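This is protein-v6.csv. It holds CSV, C-alpha atoms.
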chain,number,residue,atom,x,y,z
A,1,MET,CA,-2.4,-17.9,7.8
A,2,ASP,CA,-5.2,-15.9,9.4
A,3,ASN,CA,-7.8,-15.2,6.7
A,4,ARG,CA,-10.0,-12.8,8.6
A,5,GLN,CA,-10.6,-9.5,7.1
A,6,VAL,CA,-8.7,-6.6,8.8
A,7,MET,CA,-10.6,-3.4,9.5
A,8,LEU,CA,-9.2,-0.1,10.8
A,9,ILE,CA,-11.6,2.2,12.6
A,10,THR,CA,-10.6,5.7,13.8
A,11,GLY,CA,-12.0,7.3,16.9
A,12,THR,CA,-12.8,4.1,18.8
A,13,ARG,CA,-12.3,5.3,22.3
A,14,LYS,CA,-16.1,5.8,22.8
A,15,GLY,CA,-19.4,6.5,21.1
A,16,ILE,CA,-20.0,5.3,17.6
A,17,GLY,CA,-16.4,4.2,17.1
A,18,GLU,CA,-16.5,1.9,20.1
A,19,PHE,CA,-19.8,0.5,19.0
A,20,LEU,CA,-18.5,-0.2,15.5
A,21,ALA,CA,-15.3,-1.9,16.9
A,22,ARG,CA,-17.5,-4.2,19.0
A,23,TYR,CA,-19.9,-4.8,16.2
A,24,TYR,CA,-17.3,-5.7,13.6
A,25,VAL,CA,-15.3,-7.9,16.0
A,26,GLN,CA,-18.5,-9.8,16.6
A,27,LYS,CA,-19.0,-10.1,12.8
A,28,GLY,CA,-15.6,-11.8,12.5
A,29,PHE,CA,-13.3,-9.0,11.6
A,30,PHE,CA,-10.0,-8.4,13.2
A,31,VAL,CA,-10.4,-4.8,14.2
A,32,ILE,CA,-7.7,-2.2,14.7
A,33,GLY,CA,-8.9,1.0,16.4
A,34,CYS,CA,-7.2,4.2,17.3
A,35,SER,CA,-7.9,7.4,19.3
A,36,ARG,CA,-5.8,10.0,21.0
A,37,GLY,CA,-6.2,8.3,24.3
A,38,LYS,CA,-6.2,4.7,25.4
A,39,ALA,CA,-9.3,2.6,25.0
A,40,GLU,CA,-11.1,1.8,28.2
A,41,TYR,CA,-12.2,-1.6,27.1
A,42,GLU,CA,-10.5,-4.7,25.8
A,43,LEU,CA,-11.8,-7.1,23.2
A,44,ALA,CA,-10.5,-10.3,21.7
A,45,ASP,CA,-9.5,-9.7,18.1
A,46,TYR,CA,-9.1,-6.0,18.7
A,47,ARG,CA,-6.0,-3.9,18.9
A,48,HIS,CA,-5.8,-0.3,19.9
A,49,PHE,CA,-3.3,2.4,18.9
A,50,SER,CA,-3.1,5.7,20.8
A,51,VAL,CA,-2.4,8.1,18.0
A,52,ASP,CA,-3.3,11.7,17.0
A,53,ILE,CA,-4.9,11.2,13.5
A,54,THR,CA,-3.4,14.5,12.3
A,55,ASP,CA,0.1,13.6,13.2
A,56,GLY,CA,1.5,12.4,9.9
A,57,LYS,CA,4.5,10.6,11.3
A,58,ALA,CA,2.6,8.9,14.1
A,59,VAL,CA,0.0,7.7,11.6
A,60,LYS,CA,2.6,6.5,9.2
A,61,ASP,CA,4.3,4.6,12.0
A,62,MET,CA,1.0,3.0,12.9
A,63,PHE,CA,0.3,1.9,9.3
A,64,PHE,CA,3.8,0.5,9.1
A,65,GLU,CA,3.2,-1.6,12.2
A,66,ILE,CA,-0.2,-2.8,10.8
A,67,ARG,CA,1.5,-3.9,7.6
A,68,LYS,CA,4.2,-5.7,9.4
A,69,THR,CA,1.9,-7.5,11.8
A,70,HIS,CA,-1.3,-8.1,9.7
A,71,LYS,CA,0.0,-7.9,6.2
A,72,ARG,CA,-3.3,-6.6,4.9
A,73,LEU,CA,-6.0,-4.0,5.4
A,74,ASP,CA,-9.4,-4.7,3.9
A,75,VAL,CA,-11.6,-1.9,5.4
A,76,LEU,CA,-11.0,1.6,6.7
A,77,ILE,CA,-13.8,3.4,8.6
A,78,ASN,CA,-12.9,7.1,9.1
A,79,ASN,CA,-15.1,7.7,12.0
A,80,ALA,CA,-13.0,10.1,14.1
A,81,GLY,CA,-14.1,13.7,13.9
A,82,ILE,CA,-14.6,16.8,16.0
A,83,ALA,CA,-17.4,19.4,15.9
A,84,SER,CA,-17.6,23.0,16.8
A,85,MET,CA,-20.9,24.6,17.4
A,86,ASN,CA,-20.8,28.3,17.6
A,87,HIS,CA,-21.8,31.4,15.7
A,88,ILE,CA,-19.1,32.6,13.3
A,89,LEU,CA,-18.6,35.8,15.3
A,90,LEU,CA,-17.6,33.7,18.3
A,91,THR,CA,-15.5,31.1,16.6
A,92,PRO,CA,-11.7,31.4,17.1
A,93,LEU,CA,-9.5,30.7,14.1
A,94,LYS,CA,-7.7,28.0,16.2
A,95,THR,CA,-11.0,26.1,16.4
A,96,VAL,CA,-11.4,26.3,12.6
A,97,CYS,CA,-7.9,24.9,12.1
A,98,ASN,CA,-8.5,22.1,14.6
A,99,VAL,CA,-11.8,21.0,13.0
A,100,LEU,CA,-10.4,21.1,9.4
A,101,ASN,CA,-7.2,19.3,10.5
A,102,THR,CA,-9.0,16.5,12.2
A,103,ASN,CA,-12.0,16.1,9.9
A,104,VAL,CA,-10.3,16.8,6.6
A,105,SER,CA,-6.6,16.2,6.9
A,106,GLY,CA,-7.0,13.2,9.2
A,107,THR,CA,-9.5,11.6,6.8
A,108,PHE,CA,-7.1,12.3,3.9
A,109,LEU,CA,-4.1,10.9,5.7
A,110,PHE,CA,-5.9,7.6,6.6
A,111,CYS,CA,-7.3,7.2,3.1
A,112,ARG,CA,-3.9,7.7,1.6
A,113,GLU,CA,-2.0,5.2,3.8
A,114,ALA,CA,-4.9,2.7,3.7
A,115,ALA,CA,-5.0,2.8,-0.1
A,116,LYS,CA,-1.3,2.1,-0.3
A,117,MET,CA,-1.9,-1.1,1.6
A,118,MET,CA,-5.1,-2.0,-0.2
A,119,GLN,CA,-3.9,-1.5,-3.7
A,120,LYS,CA,-1.4,-4.3,-3.5
A,121,HIS,CA,-4.3,-6.8,-3.0
A,122,LYS,CA,-6.6,-5.0,-5.5
A,123,PHE,CA,-9.3,-4.8,-2.9
A,124,GLY,CA,-10.3,-2.3,-0.3
A,125,ARG,CA,-13.3,-0.6,1.2
A,126,ILE,CA,-13.2,2.9,2.7
A,127,VAL,CA,-16.1,4.6,4.5
A,128,ASN,CA,-15.9,8.2,5.5
A,129,PHE,CA,-18.3,10.2,7.7
A,130,SER,CA,-20.2,13.2,6.4
A,131,THR,CA,-23.1,14.9,8.2
A,132,VAL,CA,-26.6,16.1,7.7
A,133,ALA,CA,-25.4,19.4,9.0
A,134,THR,CA,-24.1,20.1,5.5
A,135,PRO,CA,-27.3,19.8,3.4
A,136,LEU,CA,-29.4,21.2,6.3
A,137,LYS,CA,-27.1,24.3,6.4
A,138,LEU,CA,-27.3,24.4,10.1
A,139,GLU,CA,-26.5,27.8,11.7
A,140,GLY,CA,-23.8,27.5,14.3
A,141,GLU,CA,-22.2,24.6,12.5
A,142,ALA,CA,-20.6,26.4,9.6
A,143,VAL,CA,-17.1,25.1,10.3
A,144,TYR,CA,-18.2,21.5,11.0
A,145,ALA,CA,-20.5,21.4,8.0
A,146,ALA,CA,-17.8,22.9,5.7
A,147,SER,CA,-15.3,20.3,6.9
A,148,LYS,CA,-17.7,17.5,6.2
A,149,ALA,CA,-18.5,19.0,2.8
A,150,ALA,CA,-14.8,18.7,2.1
A,151,VAL,CA,-14.9,15.0,3.2
A,152,VAL,CA,-17.7,14.4,0.7
A,153,SER,CA,-15.7,16.0,-2.1
A,154,LEU,CA,-12.6,14.0,-1.1
A,155,THR,CA,-14.7,10.9,-1.2
A,156,GLN,CA,-16.1,11.5,-4.6
A,157,ILE,CA,-12.7,12.3,-6.2
A,158,LEU,CA,-10.8,9.6,-4.4
A,159,ALA,CA,-13.4,7.1,-5.7
A,160,ARG,CA,-12.2,7.9,-9.2
A,161,GLU,CA,-8.5,7.9,-8.3
A,162,LEU,CA,-8.7,4.6,-6.4
A,163,ALA,CA,-11.2,2.7,-8.6
A,164,GLU,CA,-8.6,1.0,-10.7
A,165,PHE,CA,-7.0,-0.5,-7.6
A,166,GLY,CA,-10.3,-2.3,-6.6
A,167,ILE,CA,-10.9,0.2,-3.8
A,168,THR,CA,-14.3,1.7,-3.2
A,169,ILE,CA,-14.8,4.8,-1.1
A,170,ASN,CA,-18.2,6.0,0.1
A,171,ALA,CA,-19.6,8.2,2.9
A,172,VAL,CA,-22.4,7.9,5.4
A,173,GLY,CA,-24.0,11.1,6.8
A,174,PRO,CA,-25.6,10.4,10.2
A,175,THR,CA,-28.4,12.5,11.7
A,176,PRO,CA,-27.9,13.5,15.3
A,177,VAL,CA,-27.1,10.5,17.4
A,178,LYS,CA,-27.2,10.7,21.2
A,179,THR,CA,-23.4,11.1,21.8
A,180,ASP,CA,-21.0,13.6,23.4
A,181,LEU,CA,-20.8,15.4,20.1
A,182,ILE,CA,-24.3,16.9,20.5
A,183,ARG,CA,-24.4,17.1,24.3
A,184,SER,CA,-24.2,20.9,24.3
A,185,VAL,CA,-26.9,21.5,21.7
A,186,PRO,CA,-30.1,23.0,23.3
A,187,LYS,CA,-33.1,20.6,23.4
A,188,GLU,CA,-35.4,23.0,21.4
A,189,LYS,CA,-32.8,23.4,18.7
A,190,MET,CA,-32.3,19.6,18.4
A,191,GLU,CA,-36.1,19.1,18.1
A,192,ARG,CA,-36.3,21.7,15.3
A,193,LEU,CA,-33.4,19.9,13.6
A,194,LEU,CA,-35.0,16.5,13.8
A,195,ALA,CA,-38.2,17.9,12.4
A,196,ARG,CA,-36.4,18.7,9.2
A,197,GLN,CA,-35.7,15.1,8.5
A,198,ALA,CA,-38.1,12.9,6.6
A,199,ILE,CA,-38.0,10.5,9.5
A,200,PRO,CA,-37.9,12.8,12.6
A,201,ARG,CA,-36.0,10.8,15.2
A,202,PHE,CA,-32.5,10.5,16.5
A,203,GLY,CA,-30.3,8.1,14.6
A,204,THR,CA,-28.9,5.0,16.2
A,205,PHE,CA,-25.5,3.4,16.0
A,206,GLU,CA,-27.3,0.5,14.3
A,207,ASP,CA,-28.6,2.8,11.5
A,208,ILE,CA,-25.0,3.8,10.8
A,209,ALA,CA,-23.7,0.3,10.9
A,210,ASN,CA,-26.4,-0.8,8.5
A,211,VAL,CA,-25.1,1.6,5.8
A,212,ILE,CA,-21.5,0.7,6.4
A,213,ASP,CA,-22.4,-3.0,6.1
A,214,PHE,CA,-23.8,-2.3,2.6
A,215,PHE,CA,-20.8,-0.2,1.5
A,216,ILE,CA,-18.2,-2.8,2.6
A,217,LYS,CA,-19.9,-5.9,1.2
A,218,LYS,CA,-17.8,-7.7,-1.4
A,219,GLU,CA,-20.9,-7.4,-3.7
A,220,SER,CA,-20.8,-3.6,-3.4
A,221,GLU,CA,-17.8,-3.4,-5.7
A,222,PHE,CA,-19.8,-1.3,-8.2
A,223,VAL,CA,-20.8,1.3,-5.5
A,224,THR,CA,-18.3,4.1,-5.0
A,225,GLY,CA,-18.1,7.8,-4.6
A,226,GLN,CA,-21.6,7.8,-3.0
A,227,ASN,CA,-22.8,9.6,0.1
A,228,ILE,CA,-25.9,8.4,2.0
A,229,TYR,CA,-27.6,10.7,4.4
A,230,LEU,CA,-29.7,9.0,7.1
A,231,GLY,CA,-33.2,10.0,8.1
A,232,GLY,CA,-34.3,11.1,4.6
A,233,VAL,CA,-32.3,14.3,4.6
B,1,MET,CA,22.9,1.2,1.5
B,2,HIS,CA,22.7,2.8,-2.0
B,3,ASP,CA,23.4,-0.5,-3.7
B,4,LYS,CA,20.7,-2.2,-1.6
B,5,ILE,CA,18.2,0.4,-2.5
B,6,VAL,CA,19.0,0.2,-6.2
B,7,GLU,CA,18.5,-3.6,-5.9
B,8,ILE,CA,15.1,-3.0,-4.3
B,9,ILE,CA,14.0,-0.5,-7.0
B,10,VAL,CA,15.1,-2.9,-9.8
B,11,ALA,CA,13.3,-5.8,-8.2
B,12,GLU,CA,10.1,-3.8,-7.9
B,13,ALA,CA,10.5,-2.5,-11.5
B,14,GLU,CA,10.9,-6.1,-12.7
B,15,GLU,CA,7.8,-7.1,-10.9
B,16,LEU,CA,5.9,-4.2,-12.5
B,17,ASN,CA,7.3,-5.3,-15.9
B,18,GLU,CA,5.4,-8.6,-15.7
B,19,ASP,CA,2.2,-6.7,-16.3
B,20,ARG,CA,3.6,-4.1,-18.8
B,21,GLU,CA,3.9,-4.2,-22.5
B,22,ASP,CA,6.3,-1.2,-22.5
B,23,ARG,CA,8.8,-2.6,-20.1
B,24,ILE,CA,11.1,-0.6,-17.8
B,25,PRO,CA,14.7,-1.2,-19.2
B,26,VAL,CA,16.2,-2.1,-15.8
B,27,GLU,CA,19.4,-3.4,-17.5
B,28,SER,CA,20.4,0.2,-17.7
B,29,GLY,CA,20.9,0.1,-13.9
B,30,ILE,CA,21.0,3.5,-12.2
B,31,ASP,CA,20.5,5.2,-15.6
B,32,THR,CA,17.1,3.5,-16.2
B,33,PRO,CA,14.6,6.3,-17.0
B,34,LEU,CA,11.4,6.3,-14.9
B,35,PHE,CA,9.3,9.4,-14.9
B,36,GLY,CA,9.6,12.9,-16.4
B,37,GLY,CA,12.3,13.8,-18.9
B,38,ASP,CA,12.5,12.8,-22.6
B,39,ASN,CA,13.0,9.0,-22.1
B,40,ALA,CA,10.4,8.5,-19.4
B,41,VAL,CA,8.8,5.0,-19.5
B,42,LEU,CA,6.3,5.4,-16.8
B,43,ASN,CA,3.0,7.3,-16.9
B,44,SER,CA,1.7,8.7,-13.7
B,45,MET,CA,-0.2,5.6,-12.7
B,46,GLY,CA,2.9,3.5,-13.4
B,47,LEU,CA,4.9,5.8,-11.2
B,48,ILE,CA,2.4,5.6,-8.4
B,49,THR,CA,2.5,1.8,-8.4
B,50,LEU,CA,6.3,1.7,-8.4
B,51,ILE,CA,6.7,4.3,-5.7
B,52,VAL,CA,4.2,2.6,-3.4
B,53,ALA,CA,5.9,-0.8,-4.0
B,54,VAL,CA,9.4,0.7,-3.4
B,55,GLU,CA,8.3,2.5,-0.3
B,56,GLN,CA,7.0,-0.7,1.3
B,57,SER,CA,10.1,-2.7,0.3
B,58,VAL,CA,12.4,-0.1,1.7
B,59,GLU,CA,10.4,0.0,4.9
B,60,ASP,CA,10.6,-3.7,5.2
B,61,GLU,CA,14.4,-3.8,4.5
B,62,PHE,CA,15.3,-0.9,6.8
B,63,ASP,CA,12.5,-1.5,9.4
B,64,THR,CA,11.3,2.1,9.3
B,65,ALA,CA,8.3,4.0,8.1
B,66,LEU,CA,8.9,6.1,5.1
B,67,VAL,CA,6.8,8.5,2.8
B,68,LEU,CA,8.5,8.9,-0.6
B,69,ALA,CA,6.0,11.3,-2.0
B,70,ASN,CA,6.6,14.0,0.6
B,71,GLU,CA,7.0,17.7,0.4
B,72,LYS,CA,10.7,17.4,-0.2
B,73,ALA,CA,10.2,15.3,-3.3
B,74,MET,CA,7.6,17.6,-4.7
B,75,SER,CA,9.6,20.8,-4.1
B,76,MET,CA,12.9,19.6,-5.5
B,77,LYS,CA,14.1,21.4,-8.6
B,78,ASN,CA,15.0,18.1,-10.3
B,79,SER,CA,12.4,15.4,-9.7
B,80,PRO,CA,13.9,12.5,-7.7
B,81,PHE,CA,11.7,10.2,-9.8
B,82,GLN,CA,13.6,10.6,-13.1
B,83,THR,CA,15.8,7.6,-13.0
B,84,ILE,CA,16.5,4.6,-10.8
B,85,GLY,CA,19.7,6.4,-9.7
B,86,THR,CA,18.0,9.7,-8.7
B,87,LEU,CA,15.3,7.7,-6.9
B,88,ALA,CA,17.9,5.7,-5.0
B,89,ASP,CA,19.9,8.9,-4.1
B,90,TYR,CA,16.7,10.5,-2.8
B,91,ILE,CA,15.8,7.5,-0.7
B,92,VAL,CA,19.3,7.4,0.8
B,93,SER,CA,18.9,11.0,1.8
B,94,LEU,CA,15.5,10.4,3.4
B,95,LEU,CA,16.8,7.4,5.4
B,96,LYS,CA,19.8,9.5,6.6
B,97,GLU,CA,17.5,12.3,7.7
B,98,ASP,CA,15.6,9.7,9.6
B,99,GLY,CA,18.7,8.5,11.4
B,100,ASN,CA,18.9,5.2,9.7
B,101,GLY,CA,21.8,6.0,7.5

Would you put the structure from the file into structure tokens?
Amino acid sequence: MDNRQVMLITGTRKGIGEFLARYYVQKGFFVIGCSRGKAEYELADYRHFSVDITDGKAVKDMFFEIRKTHKRLDVLINNAGIASMNHILLTPLKTVCNVLNTNVSGTFLFCREAAKMMQKHKFGRIVNFSTVATPLKLEGEAVYAASKAAVVSLTQILARELAEFGITINAVGPTPVKTDLIRSVPKEKMERLLARQAIPRFGTFEDIANVIDFFIKKESEFVTGQNIYLGGV
Amino acid sequence: MHDKIVEIIVAEAEELNEDREDRIPVESGIDTPLFGGDNAVLNSMGLITLIVAVEQSVEDEFDTALVLANEKAMSMKNSPFQTIGTLADYIVSLLKEDGNG
């Protein structure tokens, strides 16, 4: 019997998700990743699913396959997310629906299905992704910030609903990290944004992994419903 | 199929009974009360535990993914979670919809 912990990370095709997949494989986890497209890398102890995280049936089928094959799920990291950076007067409704669907419904769906698997073993760790755009009230990011505010609310309430199953659920709120998500933001705007942090620099993938490491530790069983913003926001 | 599903629900209810003081009277078969109605034996947390366990067992038995707490269940005039019989009927209908019937 394989005793390795099984971790599911969403949005692992590139960026933070890919980094986390590699990082946790190295730490001895069996990592399952997913993204809409195929992963362009292969790792031992890593399995990739191509799935749209807002497609309820496809997601359920994936969890069914995970349960059949791995029998357990110890950690879920809801990293997948999309951003929209635009003034409200230039934001199409379709964009709003897409952002809410991916960031809120997708997170909800994965929390629900993961918790079904975790509750049987009376152990589980879920980490969601919030953003400093919410407390910083960034203009141009109303929809993205609102979707992540919803993720924080979801995290806080699910913490109470899932506590009795031995499942903790917390969130990490990264500062801007140099990824595709912020590619289109003008340099001056980014500098102004960083200046509002207590520690005015870009975040790194390692900064995020450090918080996740803390949340998913066995010893963190008394830590739930919390949201940690990086950079002193 | 119906009998097999009743068997699964009874087995999961019996497993749940091991940790319960107020046991689910599974000897009543399909008439065993579960949730809602005057004779309900499960509170909401008990129902959640039973539904998740039954969902996974049915998935394993019929080799198909299933969500029991879906919109259909929530919008039905009479809750499918009232007795073992109504729950079994409901699961049969879901499996048939899914092409597994």

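Shortest separation to Asp55 of chain A among A:Ala80, A:Leu109, A:Leu73, A:Leu43 occurs at residue A:Leu109, atoms counted being only C-alpha atoms.
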
Interface residues on chain A facing chain B, 8 Å, all atoms listed in the file, written as a compact mmCIF listing (two decimals) with C-alpha atoms, keeping the file's coordinate frame:
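Okay, this is what ended up in part-v3.txt:
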# COMPACT_ATOMS: atom_id res chain seq x y z
CA LYS A 60 2.60 6.50 9.20
CA ASP A 61 4.30 4.60 12.00
CA PHE A 64 3.80 0.50 9.10
CA LYS A 68 4.20 -5.70 9.40
CA LYS A 116 -1.30 2.10 -0.30

Would you mind listing what lies within 7 Å of Phe202 of chain A as number ranges by chain, with all atoms listed in the file counted and same-chain residues fewer than 6 positions away left out? A: 175-177

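Taking atom CA of Gly173 of chain A as the reference point, atom CA of Glu161 of chain A is found at 21.9 Å.
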
Two-atom distance - atom CA of Arg160 of chain A, atom CA of Ala145 of chain A (Å): 23.4 Å

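Within 10 Å of the point (-2.6, 2.1, 23.0), and counting only C-alpha atoms, the protein, DNA and RNA residues are Gly33, Cys34, Ser35, Arg36, Gly37, Lys38, Ala39, Glu40, Arg47, His48, Phe49, Ser50 and Val51 of chain A.
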
Skipping near chain neighbours, those fewer than 6 positions away, what residues fall within 9 Å of Ala159 of chain A using all atoms listed in the file, listed as a list in words? Ile167, Thr168, Ile169, Asn170, Thr224, Gly225 and Gln226 of chain A

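When the distance limit is 12 Å and all atoms listed in the file are what count, the residues near Asn210 of chain A, minus those fewer than 3 positions from it on the same chain, are Leu20, Tyr23, Tyr24, Val172, Pro174, Gly203, Thr204, Phe205, Glu206, Asp207, Asp213, Phe214, Phe215, Ile216, Lys217, Ile228 and Leu230 of chain A.
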
Would you kindly return, as a PDB file with C-alpha atoms, keeping the file's coordinate frame, each protein, DNA or RNA residue with an atom no farther than 9 Å from any atom of Ile8 of chain B, considering all atoms listed in the file and excluding same-chain residues fewer than 2 positions away?
ATOM      1  CA  ASP B   3      23.400  -0.500  -3.700  1.00  0.00           C
ATOM      2  CA  LYS B   4      20.700  -2.200  -1.600  1.00  0.00           C
ATOM      3  CA  ILE B   5      18.200   0.400  -2.500  1.00  0.00           C
ATOM      4  CA  VAL B   6      19.000   0.200  -6.200  1.00  0.00           C
ATOM      5  CA  VAL B  10      15.100  -2.900  -9.800  1.00  0.00           C
ATOM      6  CA  ALA B  11      13.300  -5.800  -8.200  1.00  0.00           C
ATOM      7  CA  GLU B  12      10.100  -3.800  -7.900  1.00  0.00           C
ATOM      8  CA  ALA B  13      10.500  -2.500 -11.500  1.00  0.00           C
ATOM      9  CA  VAL B  54       9.400   0.700  -3.400  1.00  0.00           C
ATOM     10  CA  SER B  57      10.100  -2.700   0.300  1.00  0.00           C
ATOM     11  CA  VAL B  58      12.400  -0.100   1.700  1.00  0.00           C
ATOM     12  CA  GLU B  61      14.400  -3.800   4.500  1.00  0.00           C
TER      13      GLU B  61
END

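We find atom CA of Met85 of chain A and atom CA of Val143 of chain A to be spaced 8.1 Å apart.
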
Atom completion result for segment 215-230 of chain A (N, CA, C and O atoms) as a compact mmCIF listing (two decimals), in the coordinates of the input:
# COMPACT_ATOMS: atom_id res chain seq x y z
N PHE A 215 -21.91 -0.74 2.28
CA PHE A 215 -20.80 -0.20 1.50
C PHE A 215 -19.59 -1.23 1.49
O PHE A 215 -18.86 -1.28 0.51
N ILE A 216 -19.40 -1.97 2.57
CA ILE A 216 -18.20 -2.80 2.60
C ILE A 216 -18.39 -4.22 2.12
O ILE A 216 -17.43 -4.99 2.05
N LYS A 217 -19.62 -4.56 1.78
CA LYS A 217 -19.90 -5.90 1.20
C LYS A 217 -19.02 -6.13 -0.02
O LYS A 217 -18.82 -5.22 -0.82
N LYS A 218 -18.58 -7.35 -0.20
CA LYS A 218 -17.80 -7.70 -1.40
C LYS A 218 -18.66 -7.36 -2.65
O LYS A 218 -18.16 -6.86 -3.65
N GLU A 219 -19.97 -7.62 -2.54
CA GLU A 219 -20.90 -7.40 -3.70
C GLU A 219 -21.06 -5.93 -4.02
O GLU A 219 -21.63 -5.59 -5.06
N SER A 220 -20.60 -5.03 -3.14
CA SER A 220 -20.80 -3.60 -3.40
C SER A 220 -19.60 -3.02 -4.22
O SER A 220 -19.32 -1.83 -4.16
N GLU A 221 -18.94 -3.87 -4.98
CA GLU A 221 -17.80 -3.40 -5.70
C GLU A 221 -18.09 -2.38 -6.80
O GLU A 221 -17.19 -1.68 -7.28
N PHE A 222 -19.38 -2.24 -7.16
CA PHE A 222 -19.80 -1.30 -8.20
C PHE A 222 -20.36 0.00 -7.57
O PHE A 222 -20.93 0.83 -8.25
N VAL A 223 -20.23 0.10 -6.24
CA VAL A 223 -20.80 1.30 -5.50
C VAL A 223 -19.61 2.08 -4.98
O VAL A 223 -18.91 1.64 -4.06
N THR A 224 -19.37 3.24 -5.55
CA THR A 224 -18.30 4.10 -5.00
C THR A 224 -18.55 5.55 -5.29
O THR A 224 -19.33 5.90 -6.17
N GLY A 225 -17.96 6.39 -4.46
CA GLY A 225 -18.10 7.80 -4.60
C GLY A 225 -19.51 8.31 -4.14
O GLY A 225 -19.93 9.43 -4.45
N GLN A 226 -20.20 7.49 -3.37
CA GLN A 226 -21.60 7.80 -3.00
C GLN A 226 -21.60 8.32 -1.51
O GLN A 226 -20.74 7.99 -0.70
N ASN A 227 -22.63 9.11 -1.23
CA ASN A 227 -22.80 9.60 0.10
C ASN A 227 -24.25 9.41 0.51
O ASN A 227 -25.15 9.90 -0.18
N ILE A 228 -24.47 8.65 1.55
CA ILE A 228 -25.90 8.40 2.00
C ILE A 228 -26.17 9.11 3.28
O ILE A 228 -25.52 8.89 4.29
N TYR A 229 -27.16 10.01 3.19
CA TYR A 229 -27.60 10.70 4.40
C TYR A 229 -28.72 9.85 5.04
O TYR A 229 -29.62 9.37 4.34
N LEU A 230 -28.66 9.74 6.34
CA LEU A 230 -29.70 9.00 7.10
C LEU A 230 -30.90 9.91 7.31
O LEU A 230 -30.83 11.13 7.17
